[in-house]
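Chemist: Here it is: the structure, laid out below.
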Amino acid sequence: MEDRKFEIEIGHRKLIIEIGDLVEQAAGAVFARYDDTMVLATVTVSDTPSEEVDFFPLTVDYEERFYAAGKIRGPRYIKRETRPSDEAICNARLIDRALRPLFPEDFNFPVQVIVTVLSWDGKHDPDVLGLLAASTALLISKIPWNGPVGALRIGKLNGKFLINPNYEEREAGNLDLVISAIEKNGELLINMLEGGFNEVAEENIVEAFNFAKEELKKLINFQKEIQKKAGRPKMEIKPLTLDKEIERELREIFEKKIEALIYQTEKNEKKDKIKELREEITNFLKEKGIEDQILAAKFLKKELKRVLHENIIQKEKRPDGRKLDQMREISCRVGVLPRTHGSALFVRGQTKSLSILTLGAPGDVQLLEGMEIVGKKRFMHHYNFPPYSTGEVRPIKGPGRREIGHGVLVERALLPIIPSFEEFPYTIRIVSEILSSNGSTSMASCCSSSLALMDAGVPIKAPVAGIALGLMMNENGNYKVLTDIQGPEDQNGDMDFKIAGTKKGITAIQMDVKIPGINEKILKECLERGKKARMEILQIMEKVIKEPRKELSPFAPRILTIQINPEKIREVIGPGGKTINEIIGECGVSIDIEENGKIFVTAEKEEAAKKAISWIKNLTREVKAGEVFQGKVKRTYNFGILIEILPGQDGLLHISQLKGLKGQKLDQIFKIGDILPVKVVAIDKQGRISLGLASPLKQLVRRKY
């Protein structure tokens, strides 16, 4: 196939899609460019179908390359890219959430999407470009897929919305939102949202979508034109279905059992009953001459979804009997663990999150080195999802994509309320341990982490709470929005919409769907429901702890600061680090020095920090003419005596100041370590200090004669 190039203007910049035969063995491949940021998206499909029923076998990988930014990786012994960064994993998840719901239900061949960043201009994030490229690659491939999706990043700066803002505009603005949408029957439907905000009102999200509509439609039509000119015939889908008469018999026999299963509240018992019911259905099919466990599992999954949808849409009957806008019972505690710097437990039904906060020195920051980022990170949230939280037995390994994604989502939600380094110079790390899971553990982690921050005495701007909303929609477009979804409503529902924020506004959202998408009406209803629930949760949290504690935990380190003349930094460090290491060893502290001369001393005990600060003050004190010191003799010469007047600061007592001793050997009169009262006579331009005696010479040397 010859190279083909397609162009369109989006956000006052050119988007270029190129299709050729360089990646000829993939099912589809696209080079996409936006300014000087460029990605390659490839899609491949397996020759054999998967036996997986509960989860479509789609793998999305987002590959960062240091060469794209003109960098060579920093560590001395490892120069090639290794495991993906947290940012790359989150970008892969973002792309996955937009693509996954658009694969046909009966298509079960494993599919892999790989987005590789080839060039990065330092201005535009490749993530949205990667999603557009992946959408186009799937569209022109032989893989059945109900796209395309249009995707944009929307920012807001000085009250104005921006299309695909650059990094500086995103940093300066108060809204950073990625929207993915499809067009169905002439209507634009949102199928993925992800964003971080500086406490914005709900209407900003709706306004951002309306602002993006025309550009999203342009992107969708642009890809359809590419498909017409470069698309390949799609694979034929062979539906794996039961005979209608057998399916009718199954429903008659098992419908009541399936409904009872949905309303089984004990989670572990429910797992056993699902297994039993699947075996019963399998045995029934065997009697009919159909030996296929996949068909049995597929039928059960389909019926669980159908019955749940009907009961909620027609009867508003949820699995645990709650009203549509009712949350599960909530309770929380702070100060749960005895020696940590801050801890809190948040319980919402069977979902239980324990968050533990640790305060560290400024030097405990995480050093970042990625394709897009080089810097330091002083606030971290890590999320753990151990097997016991779901009653499972599985090996404990490093954090998976889900754990990393949830950790970053909570981190994004909390970041706007974290005090600045100038206000609170600590490094902050929160770990959320999921003790029990039954839906919306990430939003529970938002709440427990917010409580832990206040328990630790971190002066946050306001507490943050989070809630997950769900959706049940039938083929006729009738729907119900659910507040605080749990396991079955998430697994068999049509949407997972997570919203976190303060009383003032939203700080983070993340939405994915299992249907093609949601319209503006549903979006508004979800945002209103989310706000109502968030306010209720914040009221409950306030009853436990209303504001950050006034004092830090006695087990937390203490940080004292001192500002010195930047030219004096070398005095604190000393030759080869000798001086600073002496202070650290003697006082039992850690010391961080900034280029502007600000020094942070961190210690377990405040007295140790004060001792180190006093030492540094003496080292860096700027001596003035006329000051008197009790100096210590460090060395004698035939022309005078070198005297230490402050730690690290010496002056010369010239022999001309020692009238009556001319011609005598000074080392016979003055010994190293002797204390002499001296006065600063002068300081020259090079900072050299000239000393004189502060007491008559005879009084000082009388004992020597």
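A note on labels: chains of the structure tokens are A, B, ... as shown, every chain counts residues from 1, and ligands are counted from 1 in their shown order.
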Please provide as a list in words all residues within 7 Å of A:Trp145, with the sequence filter that same-chain residues fewer than 4 positions apart are discarded (counting only C-alpha atoms).
Modeler: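 Answer for this query is Leu102, Phe103, Pro104, Leu138 and Leu139 of chain A.
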Chemist: Go ahead and write the residues just picked, C-alpha atoms, as a PDB file, in the first residue's frame.
Modeler:
```pdb
ATOM      1  CA  LEU A 102     -16.608  -0.167  21.087  1.00  0.00           C
ATOM      2  CA  PHE A 103     -15.608  -3.764  20.305  1.00  0.00           C
ATOM      3  CA  PRO A 104     -18.576  -5.913  19.214  1.00  0.00           C
ATOM      4  CA  LEU A 138      -8.385   0.194  14.461  1.00  0.00           C
ATOM      5  CA  LEU A 139     -10.738   1.845  12.009  1.00  0.00           C
TER       6      LEU A 139
END
```
Chemist: Can you list, as a PyMOL selection string, every protein, DNA or RNA residue that comes within 9 Å of A:Trp120 when you count only C-alpha atoms, leaving out same-chain residues fewer than 3 positions away?
Modeler: chain A and resi 36-39+67-70+117+123-126+371-372
Chemist: Could you tell me how far atom CA of A:Val336 sits from atom CA of A:Leu354, in Å to one decimal place?
Modeler: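 Distance reported for this atom pair: 8.6 Å.
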Chemist: From the list A:Asp484, A:Glu422, A:Glu215, A:Glu567, which residue is nearest A:Lys532 when using only C-alpha atoms?
Modeler: A:Asp484
Chemist: Which residues come within 10 Å of A:Gly391, counting only C-alpha atoms, excluding same-chain residues fewer than 6 positions away, as a ChimeraX atom specification?
Modeler: /A:267-268,271,436-437
Chemist: Considering only C-alpha atoms, tabulate each residue of stretch 299-325 of chain A that lies at most 12 Å from stretch 280-284 of chain A along with its nearest interatomic pair and the corresponding distance in Å to one decimal; arrange the rows by chain and ascending residue number and present them as CSV.
Modeler:
```
residue,atom,partner,partner_atom,distance
A:Phe299,CA,A:Ile281,CA,8.6
A:Leu300,CA,A:Ile281,CA,8.1
A:Lys301,CA,A:Ile281,CA,11.7
A:Glu303,CA,A:Ile281,CA,11.9
```
Chemist: Counting only C-alpha atoms, what is within 10 Å of stretch 609-613 of chain A, bar same-chain residues fewer than 2 positions away, as an mmCIF file with C-alpha atoms, in the first residue's frame?
Modeler:
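To be explicit, this is the file written out as result.cif:
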```cif
data_model
loop_
_atom_site.group_PDB
_atom_site.id
_atom_site.type_symbol
_atom_site.label_atom_id
_atom_site.label_comp_id
_atom_site.auth_asym_id
_atom_site.auth_seq_id
_atom_site.Cartn_x
_atom_site.Cartn_y
_atom_site.Cartn_z
ATOM 1 C CA PRO A 557 10.084 14.640 62.223
ATOM 2 C CA ARG A 558 10.577 18.342 62.884
ATOM 3 C CA ILE A 559 11.864 20.657 60.178
ATOM 4 C CA LEU A 560 13.562 23.944 61.039
ATOM 5 C CA THR A 561 14.688 26.376 58.375
ATOM 6 C CA ILE A 562 17.344 29.039 58.129
ATOM 7 C CA ILE A 580 28.045 19.165 56.738
ATOM 8 C CA ILE A 583 26.932 18.428 61.682
ATOM 9 C CA ILE A 584 24.743 15.523 60.501
ATOM 10 C CA GLU A 586 27.014 15.063 65.651
ATOM 11 C CA CYS A 587 23.394 16.248 65.751
ATOM 12 C CA GLY A 588 21.609 13.253 64.177
ATOM 13 C CA VAL A 589 19.804 15.294 61.540
ATOM 14 C CA SER A 590 19.371 15.457 57.767
ATOM 15 C CA ILE A 591 20.158 18.701 55.944
ATOM 16 C CA ILE A 599 18.544 25.356 54.531
ATOM 17 C CA PHE A 600 16.137 22.745 55.923
ATOM 18 C CA VAL A 601 17.190 20.752 58.973
ATOM 19 C CA THR A 602 15.090 17.661 59.704
ATOM 20 C CA ALA A 603 15.333 15.687 62.934
ATOM 21 C CA GLU A 604 13.281 13.288 65.007
ATOM 22 C CA LYS A 605 13.676 15.612 68.001
ATOM 23 C CA GLU A 606 13.356 19.379 67.777
ATOM 24 C CA GLU A 607 16.330 19.869 70.126
ATOM 25 C CA TRP A 615 25.905 25.378 64.389
ATOM 26 C CA ILE A 616 24.973 26.576 60.905
ATOM 27 C CA LYS A 617 24.278 30.091 62.210
ATOM 28 C CA ASN A 618 27.760 30.254 63.667
ATOM 29 C CA LEU A 619 29.275 28.906 60.460
#
```
Chemist: Suppose you want the space between atom CA of A:Ile641 and atom CA of A:Leu653; what is it in Å?
Modeler: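 Distance between the two atoms: 5.1 Å.
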Chemist: Within 10 Å of A:Phe222, counting only C-alpha atoms, which residues show up once you throw out same-chain ones fewer than 5 positions away? Write them as a list in words, please.
Modeler: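 Using only C-alpha atoms, the neighbours found are Phe6, Glu7, Ile8, Ile17, Thr136, Pro148, Gly150, Leu216, Lys217 and Gln227 of chain A.
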Chemist: When you count only C-alpha atoms, which of these residues is closest to A:Gly631: A:Asp684, A:Leu693, A:Gly530, A:Leu359?
Modeler: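 Of A:Asp684, A:Leu693, A:Gly530, A:Leu359, the one nearest A:Gly631 is A:Leu693, counting only C-alpha atoms.
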Chemist: Quick one: of A:Asn519, A:Gln314, A:Ser432, A:Asn384, who's nearest to A:Arg402, counting only C-alpha atoms?
Modeler: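 Closest to A:Arg402 of all the choices is A:Asn384.
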Chemist: Give the strand (DSSP E or B) residues of stretch 372-566 of chain A, as assigned by DSSP on the backbone, as an MDAnalysis selection string.
Modeler: chainID A and resid 374:377 379:384 427:436 465:473 479:483 495:501 506:513 518 558:563
Chemist: Between A:Ile509, A:Val334, A:Met473, A:Ala468, which one has atoms that come closest to A:Asp490, using only C-alpha atoms?
Modeler: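 Of the candidates, the smallest distance to A:Asp490 is held by A:Ala468.
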Chemist: Please indicate the distance in Å from atom CA of A:His381 to atom CA of A:Val410, rounded to one decimal place.
Modeler: 6.9 Å
Chemist: Compile the contact shell of A:Gly349 as a ChimeraX atom specification: residues with an atom at most 9 Å away, counting only C-alpha atoms, same-chain residues fewer than 2 positions apart removed.
Modeler: /A:327-331,347,351-352,438,486
Chemist: Take the residues from that selection and write them out as a PDB file, in the first residue's frame, keeping N, CA and C atoms.
Modeler:
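Writing the result to out.pdb gives the following:
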```pdb
ATOM      1  N   MET A 327     -26.523   6.264  49.445  1.00  0.00           N
ATOM      2  CA  MET A 327     -25.211   5.650  49.648  1.00  0.00           C
ATOM      3  C   MET A 327     -25.300   4.555  50.701  1.00  0.00           C
ATOM      4  N   ARG A 328     -24.325   3.673  50.673  1.00  0.00           N
ATOM      5  CA  ARG A 328     -24.218   2.678  51.729  1.00  0.00           C
ATOM      6  C   ARG A 328     -23.847   3.363  53.050  1.00  0.00           C
ATOM      7  N   GLU A 329     -23.995   2.648  54.133  1.00  0.00           N
ATOM      8  CA  GLU A 329     -23.665   3.218  55.445  1.00  0.00           C
ATOM      9  C   GLU A 329     -22.177   3.563  55.504  1.00  0.00           C
ATOM     10  N   ILE A 330     -21.890   4.755  55.995  1.00  0.00           N
ATOM     11  CA  ILE A 330     -20.516   5.262  56.031  1.00  0.00           C
ATOM     12  C   ILE A 330     -20.082   5.481  57.471  1.00  0.00           C
ATOM     13  N   SER A 331     -18.853   5.094  57.768  1.00  0.00           N
ATOM     14  CA  SER A 331     -18.247   5.411  59.067  1.00  0.00           C
ATOM     15  C   SER A 331     -16.764   5.669  58.846  1.00  0.00           C
ATOM     16  N   VAL A 347     -14.964   3.651  55.837  1.00  0.00           N
ATOM     17  CA  VAL A 347     -15.780   2.463  55.548  1.00  0.00           C
ATOM     18  C   VAL A 347     -17.053   2.901  54.844  1.00  0.00           C
ATOM     19  N   THR A 351     -16.756  -1.857  51.480  1.00  0.00           N
ATOM     20  CA  THR A 351     -15.511  -1.252  51.006  1.00  0.00           C
ATOM     21  C   THR A 351     -14.842  -0.506  52.152  1.00  0.00           C
ATOM     22  N   LYS A 352     -13.600  -0.901  52.443  1.00  0.00           N
ATOM     23  CA  LYS A 352     -12.896  -0.342  53.601  1.00  0.00           C
ATOM     24  C   LYS A 352     -11.465   0.013  53.217  1.00  0.00           C
ATOM     25  N   ASN A 438     -15.695  -3.858  47.766  1.00  0.00           N
ATOM     26  CA  ASN A 438     -16.963  -4.147  47.104  1.00  0.00           C
ATOM     27  C   ASN A 438     -17.416  -2.880  46.371  1.00  0.00           C
ATOM     28  N   GLN A 486     -21.715  -0.597  43.855  1.00  0.00           N
ATOM     29  CA  GLN A 486     -20.893  -1.655  44.420  1.00  0.00           C
ATOM     30  C   GLN A 486     -20.703  -2.750  43.376  1.00  0.00           C
TER      31      GLN A 486
END
```
Chemist: DSSP says alpha helix (DSSP H) for which residues of stretch 174-224 of chain A? Put them as a list in words?
Modeler: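 The residues of stretch 174-224 of chain A classed as alpha helix (DSSP H) are Glu203, Asn204, Ile205, Val206, Glu207, Ala208, Phe209, Asn210, Phe211, Ala212, Lys213, Glu214, Glu215, Leu216, Lys217, Lys218, Leu219, Ile220, Asn221, Phe222, Gln223 and Lys224 of chain A.
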